[in-house]
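Quick look at input19.txt (compact mmCIF, C-alpha atoms and all ligand atoms):
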```
# COMPACT_ATOMS: atom_id res chain seq x y z
CA MET A 1481 -93.39 40.56 12.27
CA PRO A 1482 -96.52 42.18 10.68
CA SER A 1483 -96.82 45.77 11.89
CA ARG A 1484 -100.26 45.25 13.45
CA SER A 1485 -98.70 42.94 16.07
CA LYS A 1486 -95.82 45.37 16.85
CA VAL A 1487 -96.29 46.64 20.41
CA SER A 1488 -94.29 49.82 21.01
CA LEU A 1489 -92.94 50.73 24.45
CA SER A 1490 -95.55 53.51 24.73
CA ARG A 1491 -98.42 51.13 23.92
CA PHE A 1492 -97.00 48.56 26.37
CA LEU A 1493 -96.89 51.12 29.19
CA ILE A 1494 -100.43 52.33 28.48
CA GLU A 1495 -101.79 48.76 28.35
CA GLN A 1496 -99.94 47.87 31.57
CA GLN A 1497 -101.48 50.94 33.22
CA ARG A 1498 -104.95 49.90 31.97
CA GLU A 1499 -104.50 46.35 33.29
CA HIS A 1500 -102.57 46.91 36.50
CA GLY A 1501 -102.93 50.61 37.26
CA HIS A 1502 -99.43 51.03 38.71
CA ILE A 1503 -97.91 53.21 35.98
CA ASN A 1504 -99.09 56.78 36.45
CA ALA A 1505 -98.51 59.42 33.78
CA ASP A 1506 -95.29 60.70 35.39
CA LEU A 1507 -93.75 57.21 35.60
CA ARG A 1508 -94.76 56.49 32.01
CA LEU A 1509 -93.16 59.79 30.92
CA LEU A 1510 -90.01 58.93 32.91
CA ILE A 1511 -89.61 55.54 31.22
CA GLU A 1512 -90.30 56.98 27.74
CA VAL A 1513 -87.82 59.83 28.29
CA VAL A 1514 -85.11 57.44 29.50
CA ALA A 1515 -85.80 55.17 26.49
CA ARG A 1516 -85.43 58.13 24.11
CA ALA A 1517 -82.15 59.07 25.82
CA CYS A 1518 -80.92 55.47 25.39
CA LYS A 1519 -81.80 55.72 21.70
CA ARG A 1520 -79.60 58.83 21.41
CA ILE A 1521 -76.80 57.08 23.31
CA SER A 1522 -77.15 54.06 20.99
CA ILE A 1523 -76.69 56.34 17.97
CA ALA A 1524 -73.60 57.98 19.52
CA VAL A 1525 -72.09 54.61 20.48
CA GLY A 1526 -72.92 53.21 17.04
CA LYS A 1527 -70.90 55.92 15.28
CA GLY A 1528 -67.72 54.54 16.90
CA ALA A 1529 -64.59 56.23 15.63
CA LEU A 1530 -66.64 58.23 13.10
CA GLY A 1531 -68.37 60.09 15.94
CA GLY A 1532 -65.17 61.65 17.25
CA VAL A 1533 -66.19 60.57 20.77
CA LEU A 1534 -63.96 57.58 21.43
CA GLY A 1535 -61.08 57.72 23.86
CA SER A 1536 -60.61 59.47 27.16
CA ALA A 1537 -62.27 62.70 28.22
CA GLY A 1538 -59.15 63.50 30.23
CA THR A 1539 -61.15 63.69 33.46
CA GLU A 1540 -61.84 61.30 36.37
CA ASN A 1541 -65.16 60.39 37.99
CA VAL A 1542 -65.88 60.03 41.69
CA GLN A 1543 -64.62 56.45 41.48
CA GLY A 1544 -61.22 57.75 40.40
CA GLU A 1545 -61.79 56.12 37.01
CA THR A 1546 -60.79 57.87 33.79
CA GLN A 1547 -63.95 59.08 32.05
CA LYS A 1548 -64.40 58.28 28.39
CA LYS A 1549 -65.83 61.01 26.15
CA LEU A 1550 -68.90 58.80 25.69
CA ASP A 1551 -69.32 58.47 29.48
CA VAL A 1552 -69.60 62.25 29.74
CA LEU A 1553 -71.79 62.55 26.61
CA SER A 1554 -74.15 59.79 27.79
CA ASN A 1555 -74.46 61.44 31.19
CA GLU A 1556 -75.32 64.78 29.56
CA ILE A 1557 -77.91 63.12 27.30
CA LEU A 1558 -79.69 61.61 30.31
CA LEU A 1559 -79.56 64.87 32.32
CA GLU A 1560 -80.86 66.96 29.42
CA ALA A 1561 -83.64 64.48 28.61
CA ASN A 1562 -84.94 64.34 32.18
CA GLU A 1563 -84.69 67.92 33.47
CA TRP A 1564 -87.77 69.53 31.92
CA GLY A 1565 -90.48 66.85 32.24
CA GLY A 1566 -91.66 67.55 35.79
CA HIS A 1567 -91.44 63.84 36.71
CA LEU A 1568 -88.20 63.94 38.73
CA ALA A 1569 -87.16 65.53 42.03
CA ALA A 1570 -83.44 64.87 41.33
CA LEU A 1571 -81.00 62.64 39.46
CA ALA A 1572 -77.78 60.89 40.49
CA SER A 1573 -75.16 59.24 38.34
CA GLU A 1574 -71.93 57.27 38.53
CA GLU A 1575 -70.35 60.17 36.65
CA MET A 1576 -71.32 62.88 39.15
CA ASP A 1577 -70.02 63.22 42.73
CA ASP A 1578 -73.32 64.59 44.06
CA PRO A 1579 -77.01 64.38 43.08
CA HIS A 1580 -78.09 66.73 40.30
CA PRO A 1581 -81.07 68.94 41.31
CA ILE A 1582 -83.84 69.76 38.85
CA PRO A 1583 -83.25 73.42 37.83
CA ASN A 1584 -85.72 75.81 39.49
CA ARG A 1585 -87.09 76.85 36.08
CA TYR A 1586 -88.67 73.39 35.77
CA PRO A 1587 -91.36 71.71 37.95
CA LYS A 1588 -90.24 68.88 40.23
CA GLY A 1589 -91.88 65.45 40.35
CA GLU A 1590 -92.11 62.53 42.77
CA TYR A 1591 -89.35 60.30 41.38
CA LEU A 1592 -85.60 59.98 41.76
CA LEU A 1593 -83.55 58.58 38.88
CA VAL A 1594 -80.11 57.06 39.52
CA PHE A 1595 -78.05 55.65 36.68
CA ASP A 1596 -74.79 54.47 35.22
CA PRO A 1597 -74.97 56.26 31.87
CA LEU A 1598 -72.48 54.02 30.09
CA ASP A 1599 -71.43 50.90 31.94
CA GLY A 1600 -68.48 48.91 30.64
CA SER A 1601 -67.13 51.98 28.88
CA SER A 1602 -63.59 50.56 28.94
CA ASN A 1603 -64.93 48.30 26.16
CA ILE A 1604 -66.04 51.10 23.86
CA ASP A 1605 -62.68 51.62 22.16
CA VAL A 1606 -62.51 47.90 21.34
CA ASN A 1607 -66.10 47.74 20.03
CA ILE A 1608 -67.51 45.40 22.69
CA SER A 1609 -71.13 45.84 23.90
CA VAL A 1610 -71.74 48.47 26.57
CA GLY A 1611 -74.92 49.66 28.22
CA THR A 1612 -76.93 52.10 30.33
CA ILE A 1613 -78.33 50.99 33.70
CA PHE A 1614 -81.05 52.91 35.57
CA SER A 1615 -83.09 52.68 38.75
CA VAL A 1616 -86.22 54.62 39.78
CA LEU A 1617 -87.04 55.46 43.41
CA ARG A 1618 -89.71 57.67 44.98
CA CYS A 1619 -88.52 60.90 46.54
CA PRO A 1620 -89.25 60.74 50.30
CA GLU A 1621 -92.37 62.68 51.34
CA GLY A 1622 -91.79 66.35 52.06
CA VAL A 1623 -88.22 66.47 50.71
CA GLN A 1624 -88.05 69.55 48.49
CA ASP A 1625 -84.34 69.52 47.65
CA PRO A 1626 -83.25 65.87 47.64
CA ALA A 1627 -79.60 65.39 48.58
CA GLU A 1628 -77.67 62.13 48.88
CA ALA A 1629 -79.74 60.94 51.86
CA ALA A 1630 -82.94 60.91 49.81
CA PHE A 1631 -81.41 58.30 47.49
CA LEU A 1632 -80.20 55.97 50.26
CA GLN A 1633 -83.18 53.58 50.09
CA PRO A 1634 -83.01 49.76 49.97
CA GLY A 1635 -83.36 48.20 46.54
CA THR A 1636 -86.77 46.84 47.57
CA GLN A 1637 -88.01 50.45 47.32
CA GLN A 1638 -87.33 50.62 43.57
CA VAL A 1639 -90.39 51.50 41.49
CA ALA A 1640 -88.72 50.46 38.23
CA ALA A 1641 -85.33 49.43 36.90
CA GLY A 1642 -83.86 48.71 33.52
CA TYR A 1643 -80.93 48.69 31.20
CA ALA A 1644 -80.20 49.25 27.54
CA VAL A 1645 -77.55 47.03 25.97
CA TYR A 1646 -75.85 48.52 22.89
CA GLY A 1647 -74.86 45.34 21.06
CA SER A 1648 -75.55 43.92 17.63
CA SER A 1649 -79.03 45.23 18.35
CA THR A 1650 -80.05 47.77 20.97
CA VAL A 1651 -82.32 46.16 23.54
CA LEU A 1652 -84.10 47.89 26.43
CA VAL A 1653 -84.91 45.58 29.36
CA LEU A 1654 -87.41 46.87 31.90
CA THR A 1655 -89.21 45.85 35.07
CA LEU A 1656 -91.90 47.85 36.86
CA GLY A 1657 -92.30 45.20 39.53
CA ASP A 1658 -94.55 43.01 37.42
CA GLY A 1659 -92.19 40.81 35.41
CA VAL A 1660 -89.30 41.62 33.06
CA HIS A 1661 -89.89 42.68 29.47
CA SER A 1662 -87.52 43.44 26.58
CA PHE A 1663 -87.86 45.90 23.70
CA THR A 1664 -85.68 45.91 20.59
CA LEU A 1665 -84.91 49.24 18.90
CA ASP A 1666 -86.43 49.36 15.42
CA ARG A 1667 -83.96 51.72 13.78
CA GLU A 1668 -86.22 52.45 10.80
CA GLN A 1669 -89.18 53.43 13.00
CA GLY A 1670 -86.96 54.85 15.77
CA SER A 1671 -89.09 53.09 18.40
CA PHE A 1672 -88.58 50.28 20.92
CA ILE A 1673 -90.72 47.23 20.03
CA LEU A 1674 -91.76 44.56 22.56
CA THR A 1675 -89.76 41.42 21.74
CA GLY A 1676 -89.77 39.57 25.07
CA SER A 1677 -92.41 39.26 27.82
CA ASN A 1678 -92.03 37.90 31.37
CA LEU A 1679 -88.45 36.77 30.82
CA GLN A 1680 -87.42 33.92 33.13
CA ILE A 1681 -83.89 32.89 34.20
CA PRO A 1682 -83.50 29.06 34.44
CA ALA A 1683 -82.89 28.05 38.07
CA ASP A 1684 -79.95 25.83 37.02
CA THR A 1685 -77.02 26.63 34.76
CA SER A 1686 -73.64 25.35 33.62
CA GLU A 1687 -72.25 28.77 32.72
CA PHE A 1688 -70.45 31.16 35.06
CA ALA A 1689 -69.11 34.68 34.56
CA ILE A 1690 -66.21 35.97 36.67
CA ASN A 1691 -62.83 37.69 36.19
CA MET A 1692 -60.55 34.73 37.01
CA SER A 1693 -57.42 36.90 37.19
CA ASN A 1694 -58.46 37.90 40.74
CA LEU A 1695 -58.53 34.28 42.00
CA ARG A 1696 -55.60 34.63 44.43
CA HIS A 1697 -57.37 37.58 46.13
CA TRP A 1698 -60.67 35.74 46.79
CA GLU A 1699 -62.05 34.55 50.10
CA ALA A 1700 -61.97 30.78 50.79
CA PRO A 1701 -65.67 30.03 50.01
CA MET A 1702 -65.29 31.85 46.71
CA LYS A 1703 -62.25 29.75 45.78
CA ARG A 1704 -64.09 26.57 46.84
CA TYR A 1705 -67.10 27.36 44.63
CA ILE A 1706 -65.03 28.13 41.51
CA GLU A 1707 -62.65 25.19 42.02
CA GLU A 1708 -65.68 22.86 42.09
CA LEU A 1709 -66.94 24.36 38.80
CA LEU A 1710 -63.48 23.94 37.23
CA ALA A 1711 -63.31 20.30 38.45
CA GLY A 1712 -66.41 19.65 36.34
CA LYS A 1713 -67.33 15.98 35.84
CA THR A 1714 -64.35 14.87 37.93
CA GLY A 1715 -65.47 16.89 40.95
CA PRO A 1716 -68.43 17.17 43.35
CA ARG A 1717 -70.63 18.93 40.78
CA GLY A 1718 -70.53 15.91 38.46
CA ARG A 1719 -70.83 18.00 35.28
CA ASP A 1720 -68.68 20.34 33.22
CA PHE A 1721 -69.17 24.11 33.30
CA ASN A 1722 -68.47 26.84 30.74
CA MET A 1723 -67.14 30.36 31.40
CA ARG A 1724 -67.94 33.70 29.83
CA TRP A 1725 -66.63 37.15 30.92
CA VAL A 1726 -67.37 40.18 28.72
CA ALA A 1727 -66.24 42.67 31.41
CA SER A 1728 -69.36 44.66 30.60
CA MET A 1729 -71.96 43.96 33.29
CA VAL A 1730 -74.90 44.81 31.03
CA ALA A 1731 -73.73 42.33 28.37
CA ASP A 1732 -73.09 39.56 30.92
CA VAL A 1733 -76.40 40.11 32.70
CA HIS A 1734 -78.29 40.22 29.39
CA ARG A 1735 -76.82 36.85 28.42
CA ILE A 1736 -77.88 35.44 31.81
CA LEU A 1737 -81.39 36.88 31.45
CA THR A 1738 -81.56 35.27 27.99
CA ARG A 1739 -80.11 31.78 28.69
CA GLY A 1740 -79.21 31.50 32.37
CA GLY A 1741 -75.87 31.66 34.17
CA ILE A 1742 -74.30 33.11 37.27
CA PHE A 1743 -72.47 36.48 37.29
CA ILE A 1744 -70.00 37.07 40.10
CA TYR A 1745 -67.93 40.08 41.09
CA PRO A 1746 -66.87 39.08 44.61
CA ARG A 1747 -65.10 41.11 47.23
CA ASP A 1748 -61.41 40.51 46.79
CA LEU A 1749 -58.57 41.30 49.12
CA LYS A 1750 -56.65 43.15 46.40
CA ASP A 1751 -57.94 46.35 48.00
CA PRO A 1752 -59.43 45.47 51.43
CA SER A 1753 -60.90 48.98 51.68
CA LYS A 1754 -63.23 48.12 48.80
CA PRO A 1755 -65.99 45.57 49.61
CA GLY A 1756 -66.36 44.88 45.87
CA LYS A 1757 -66.03 46.65 42.54
CA LEU A 1758 -69.63 47.19 41.47
CA ARG A 1759 -71.75 50.02 42.80
CA LEU A 1760 -74.90 49.31 44.80
CA MET A 1761 -77.23 52.13 43.76
CA TYR A 1762 -76.88 52.07 39.97
CA GLU A 1763 -75.46 48.65 39.13
CA ALA A 1764 -76.24 46.03 41.79
CA ASN A 1765 -79.71 47.22 42.85
CA PRO A 1766 -81.29 47.69 39.40
CA MET A 1767 -79.79 44.44 38.11
CA ALA A 1768 -80.87 42.60 41.28
CA PHE A 1769 -84.44 43.88 40.87
CA ILE A 1770 -84.51 42.70 37.25
CA VAL A 1771 -82.96 39.32 38.07
CA GLU A 1772 -85.35 38.62 40.96
CA GLN A 1773 -88.33 39.65 38.82
CA ALA A 1774 -87.11 37.06 36.29
CA GLY A 1775 -87.03 34.28 38.92
CA GLY A 1776 -83.30 34.56 39.66
CA ALA A 1777 -81.48 35.53 42.86
CA ALA A 1778 -79.01 38.29 43.76
CA THR A 1779 -76.85 38.39 46.91
CA THR A 1780 -73.61 39.86 48.19
CA GLY A 1781 -72.52 36.27 48.87
CA ARG A 1782 -74.00 36.68 52.31
CA GLU A 1783 -77.23 38.67 52.09
CA ARG A 1784 -79.93 39.70 49.61
CA ILE A 1785 -78.74 42.77 47.66
CA LEU A 1786 -82.19 44.39 47.57
CA ALA A 1787 -82.42 44.32 51.38
CA LEU A 1788 -79.19 46.31 51.93
CA ARG A 1789 -79.56 49.71 53.57
CA PRO A 1790 -77.29 52.00 51.48
CA GLU A 1791 -74.84 54.21 53.41
CA ARG A 1792 -73.32 56.20 50.52
CA LEU A 1793 -74.45 57.03 47.01
CA HIS A 1794 -71.37 55.49 45.39
CA GLN A 1795 -70.80 52.57 47.72
CA ARG A 1796 -69.60 49.27 46.31
CA VAL A 1797 -70.85 45.75 47.06
CA PRO A 1798 -69.94 42.20 46.07
CA VAL A 1799 -72.40 40.85 43.47
CA PHE A 1800 -73.59 37.26 42.91
CA LEU A 1801 -76.62 37.12 40.61
CA GLY A 1802 -78.41 34.89 38.12
CA SER A 1803 -79.66 31.29 38.17
CA ARG A 1804 -81.20 30.84 41.60
CA HIS A 1805 -79.79 27.41 42.52
CA GLU A 1806 -76.19 28.51 41.83
CA VAL A 1807 -76.54 31.81 43.71
CA GLU A 1808 -78.07 29.91 46.65
CA ARG A 1809 -75.21 27.38 46.63
CA VAL A 1810 -72.34 29.91 46.59
CA THR A 1811 -74.13 32.04 49.21
CA ALA A 1812 -74.47 28.95 51.44
CA TYR A 1813 -70.71 28.34 51.09
CA HIS A 1814 -70.02 31.89 52.33
CA ARG A 1815 -72.42 31.55 55.25
CA GLU A 1816 -70.91 28.15 56.21
CA ALA A 1817 -67.43 29.70 56.14
CA ASP A 1818 -68.61 32.61 58.33
CA ALA A 1819 -70.25 30.23 60.82
P1 LIG B 1 -62.98 43.92 35.41
C1 LIG B 1 -67.09 47.75 33.84
O1 LIG B 1 -65.98 48.60 34.13
C2 LIG B 1 -67.58 47.16 35.14
O2 LIG B 1 -67.98 48.17 36.01
C3 LIG B 1 -68.71 46.17 34.85
O3 LIG B 1 -69.48 46.55 33.77
C4 LIG B 1 -67.96 44.87 34.59
O4 LIG B 1 -68.71 43.73 34.94
C5 LIG B 1 -66.73 45.00 35.50
O5 LIG B 1 -66.53 46.40 35.73
C6 LIG B 1 -65.49 44.43 34.84
O6 LIG B 1 -64.46 44.48 35.79
O7 LIG B 1 -62.23 43.96 36.73
O8 LIG B 1 -63.15 42.52 34.89
O9 LIG B 1 -62.45 44.86 34.37
```
Translate the structure described by the file into structure tokens.
Amino acid sequence: MPSRSKVSLSRFLIEQQREHGHINADLRLLIEVVARACKRISIAVGKGALGGVLGSAGTENVQGETQKKLDVLSNEILLEANEWGGHLAALASEEMDDPHPIPNRYPKGEYLLVFDPLDGSSNIDVNISVGTIFSVLRCPEGVQDPAEAAFLQPGTQQVAAGYAVYGSSTVLVLTLGDGVHSFTLDREQGSFILTGSNLQIPADTSEFAINMSNLRHWEAPMKRYIEELLAGKTGPRGRDFNMRWVASMVADVHRILTRGGIFIYPRDLKDPSKPGKLRLMYEANPMAFIVEQAGGAATTGRERILALRPERLHQRVPVFLGSRHEVERVTAYHREADA
């Protein structure tokens, strides 16, 4: 691509501001700082075993999950990158029990950043794509020291959301409420270049993503939906389906954003105390915002994810997202079963 047509992330944000006026200087700085942090994470992930950061950190996060060294490193990269800029009032992360205040030596801003610094990190040691997921909210008026309650806003309140997928290339996918755009990291230049505008998820698909090993723990409507897909041509759907499961949400969602599909992590009765595996604030909500902006749908199997009123920073929800007609169908099955 000739350099004159290369649109960098910075140029994109400035032109969006000029055209639509909804990206003020602080929000532009926030997105650029997060993108730079994702570039640093991409470099660390890309070193693999040579970086001396594979394997376990020997600690557990609030989820009770063993933290990988890269989980901790990625979290530190995002904290360090965002503390000084004056654009944030606080940060929250999968890897930290409580929100992280902006140190008093720095000015505070109007935004809250919540993120999963390295999602799918169980895949790192086996060299499968992982990613960073982030969500941007406004700090409630008059809140000087935002605690957990300040973050508990429905996903419809998100100002921006995005992810970086560290795969064969590093791609940053971003929505600011006006479509979904993708930027590929140019490693020579060290900048993210616009490579996809107004991405759209096809309303129909023949590809589903789910961890089938949990089948016996699913609710009846969930079993019904998957059994129909497996029946293929011989069943009520009248066509064959294909399955993919990377076990890295960012990689699965990126595939769906690129060619369609439905991603499902349903509630299962393996642990009735958990309503699902994925976390609302920094996995389900940002991905739901992106998917809806790309013409897809995202529900808990019963209700729209973005409409949920969060109760806890680290709460979990069931997730059904992707091609709209499939999400609508499986959601209808759950509602029929409830009725
Ligand atoms: P399972 C990764 O640990 C993660 O949080 C998501 O990225 C991924 O979709 C899911 O869990 C995989 O879960 O049960 O298949 O290992």
Separation of atom CA of Pro1755 of chain A from atom P1 of ligand LIG 1 (chain B), in Å and rounded to one decimal: 14.6 Å
Using all atoms listed in the file, which residues sit within 10 Å of Asp1684 of chain A once same-chain residues fewer than 2 positions away are excluded, as a PyMOL selection string? chain A and resi 1681-1682+1686-1687+1740-1742+1776+1802-1807
Segment 1779-1789 of chain A: which residues within 10 Å, counting only C-alpha atoms, same-chain residues fewer than 6 positions away excluded, as number ranges by chain? A: 1632-1638, 1701-1702, 1744-1747, 1755-1756, 1760-1761, 1764-1769, 1772, 1797-1802, 1807-1816, 1818
Could you turn the residues from that selection into a file that holds C-alpha atoms, as a PDB file, in the frame of the given file?
```pdb
ATOM      1  CA  LEU A1632     -80.200  55.970  50.260  1.00  0.00           C
ATOM      2  CA  GLN A1633     -83.180  53.580  50.090  1.00  0.00           C
ATOM      3  CA  PRO A1634     -83.010  49.760  49.970  1.00  0.00           C
ATOM      4  CA  GLY A1635     -83.360  48.200  46.540  1.00  0.00           C
ATOM      5  CA  THR A1636     -86.770  46.840  47.570  1.00  0.00           C
ATOM      6  CA  GLN A1637     -88.010  50.450  47.320  1.00  0.00           C
ATOM      7  CA  GLN A1638     -87.330  50.620  43.570  1.00  0.00           C
ATOM      8  CA  PRO A1701     -65.670  30.030  50.010  1.00  0.00           C
ATOM      9  CA  MET A1702     -65.290  31.850  46.710  1.00  0.00           C
ATOM     10  CA  ILE A1744     -70.000  37.070  40.100  1.00  0.00           C
ATOM     11  CA  TYR A1745     -67.930  40.080  41.090  1.00  0.00           C
ATOM     12  CA  PRO A1746     -66.870  39.080  44.610  1.00  0.00           C
ATOM     13  CA  ARG A1747     -65.100  41.110  47.230  1.00  0.00           C
ATOM     14  CA  PRO A1755     -65.990  45.570  49.610  1.00  0.00           C
ATOM     15  CA  GLY A1756     -66.360  44.880  45.870  1.00  0.00           C
ATOM     16  CA  LEU A1760     -74.900  49.310  44.800  1.00  0.00           C
ATOM     17  CA  MET A1761     -77.230  52.130  43.760  1.00  0.00           C
ATOM     18  CA  ALA A1764     -76.240  46.030  41.790  1.00  0.00           C
ATOM     19  CA  ASN A1765     -79.710  47.220  42.850  1.00  0.00           C
ATOM     20  CA  PRO A1766     -81.290  47.690  39.400  1.00  0.00           C
ATOM     21  CA  MET A1767     -79.790  44.440  38.110  1.00  0.00           C
ATOM     22  CA  ALA A1768     -80.870  42.600  41.280  1.00  0.00           C
ATOM     23  CA  PHE A1769     -84.440  43.880  40.870  1.00  0.00           C
ATOM     24  CA  GLU A1772     -85.350  38.620  40.960  1.00  0.00           C
ATOM     25  CA  VAL A1797     -70.850  45.750  47.060  1.00  0.00           C
ATOM     26  CA  PRO A1798     -69.940  42.200  46.070  1.00  0.00           C
ATOM     27  CA  VAL A1799     -72.400  40.850  43.470  1.00  0.00           C
ATOM     28  CA  PHE A1800     -73.590  37.260  42.910  1.00  0.00           C
ATOM     29  CA  LEU A1801     -76.620  37.120  40.610  1.00  0.00           C
ATOM     30  CA  GLY A1802     -78.410  34.890  38.120  1.00  0.00           C
ATOM     31  CA  VAL A1807     -76.540  31.810  43.710  1.00  0.00           C
ATOM     32  CA  GLU A1808     -78.070  29.910  46.650  1.00  0.00           C
ATOM     33  CA  ARG A1809     -75.210  27.380  46.630  1.00  0.00           C
ATOM     34  CA  VAL A1810     -72.340  29.910  46.590  1.00  0.00           C
ATOM     35  CA  THR A1811     -74.130  32.040  49.210  1.00  0.00           C
ATOM     36  CA  ALA A1812     -74.470  28.950  51.440  1.00  0.00           C
ATOM     37  CA  TYR A1813     -70.710  28.340  51.090  1.00  0.00           C
ATOM     38  CA  HIS A1814     -70.020  31.890  52.330  1.00  0.00           C
ATOM     39  CA  ARG A1815     -72.420  31.550  55.250  1.00  0.00           C
ATOM     40  CA  GLU A1816     -70.910  28.150  56.210  1.00  0.00           C
ATOM     41  CA  ASP A1818     -68.610  32.610  58.330  1.00  0.00           C
TER      42      ASP A1818
END
```
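Around ligand LIG 1 (chain B), the neighbouring residues within 9 Å, taking all atoms listed in the file, come to Leu1598, Asp1599, Gly1600, Ser1601, Ser1602, Asn1603, Val1610, Gly1611, Ile1690, Asn1691, Met1692, Ser1693, Asn1694, Trp1725, Val1726, Ala1727, Ser1728, Met1729, Val1730, Ala1731, Asp1732, Val1733, Phe1743, Ile1744, Tyr1745, Lys1757, Leu1758, Arg1759 and Glu1763 of chain A.
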Excluding Gly1670 of chain A and any residue of its chain fewer than 5 positions from it, enumerate the residues within 10 Å of it, using all atoms listed in the file, and give them as a PyMOL selection string. chain A and resi 1516+1519+1665
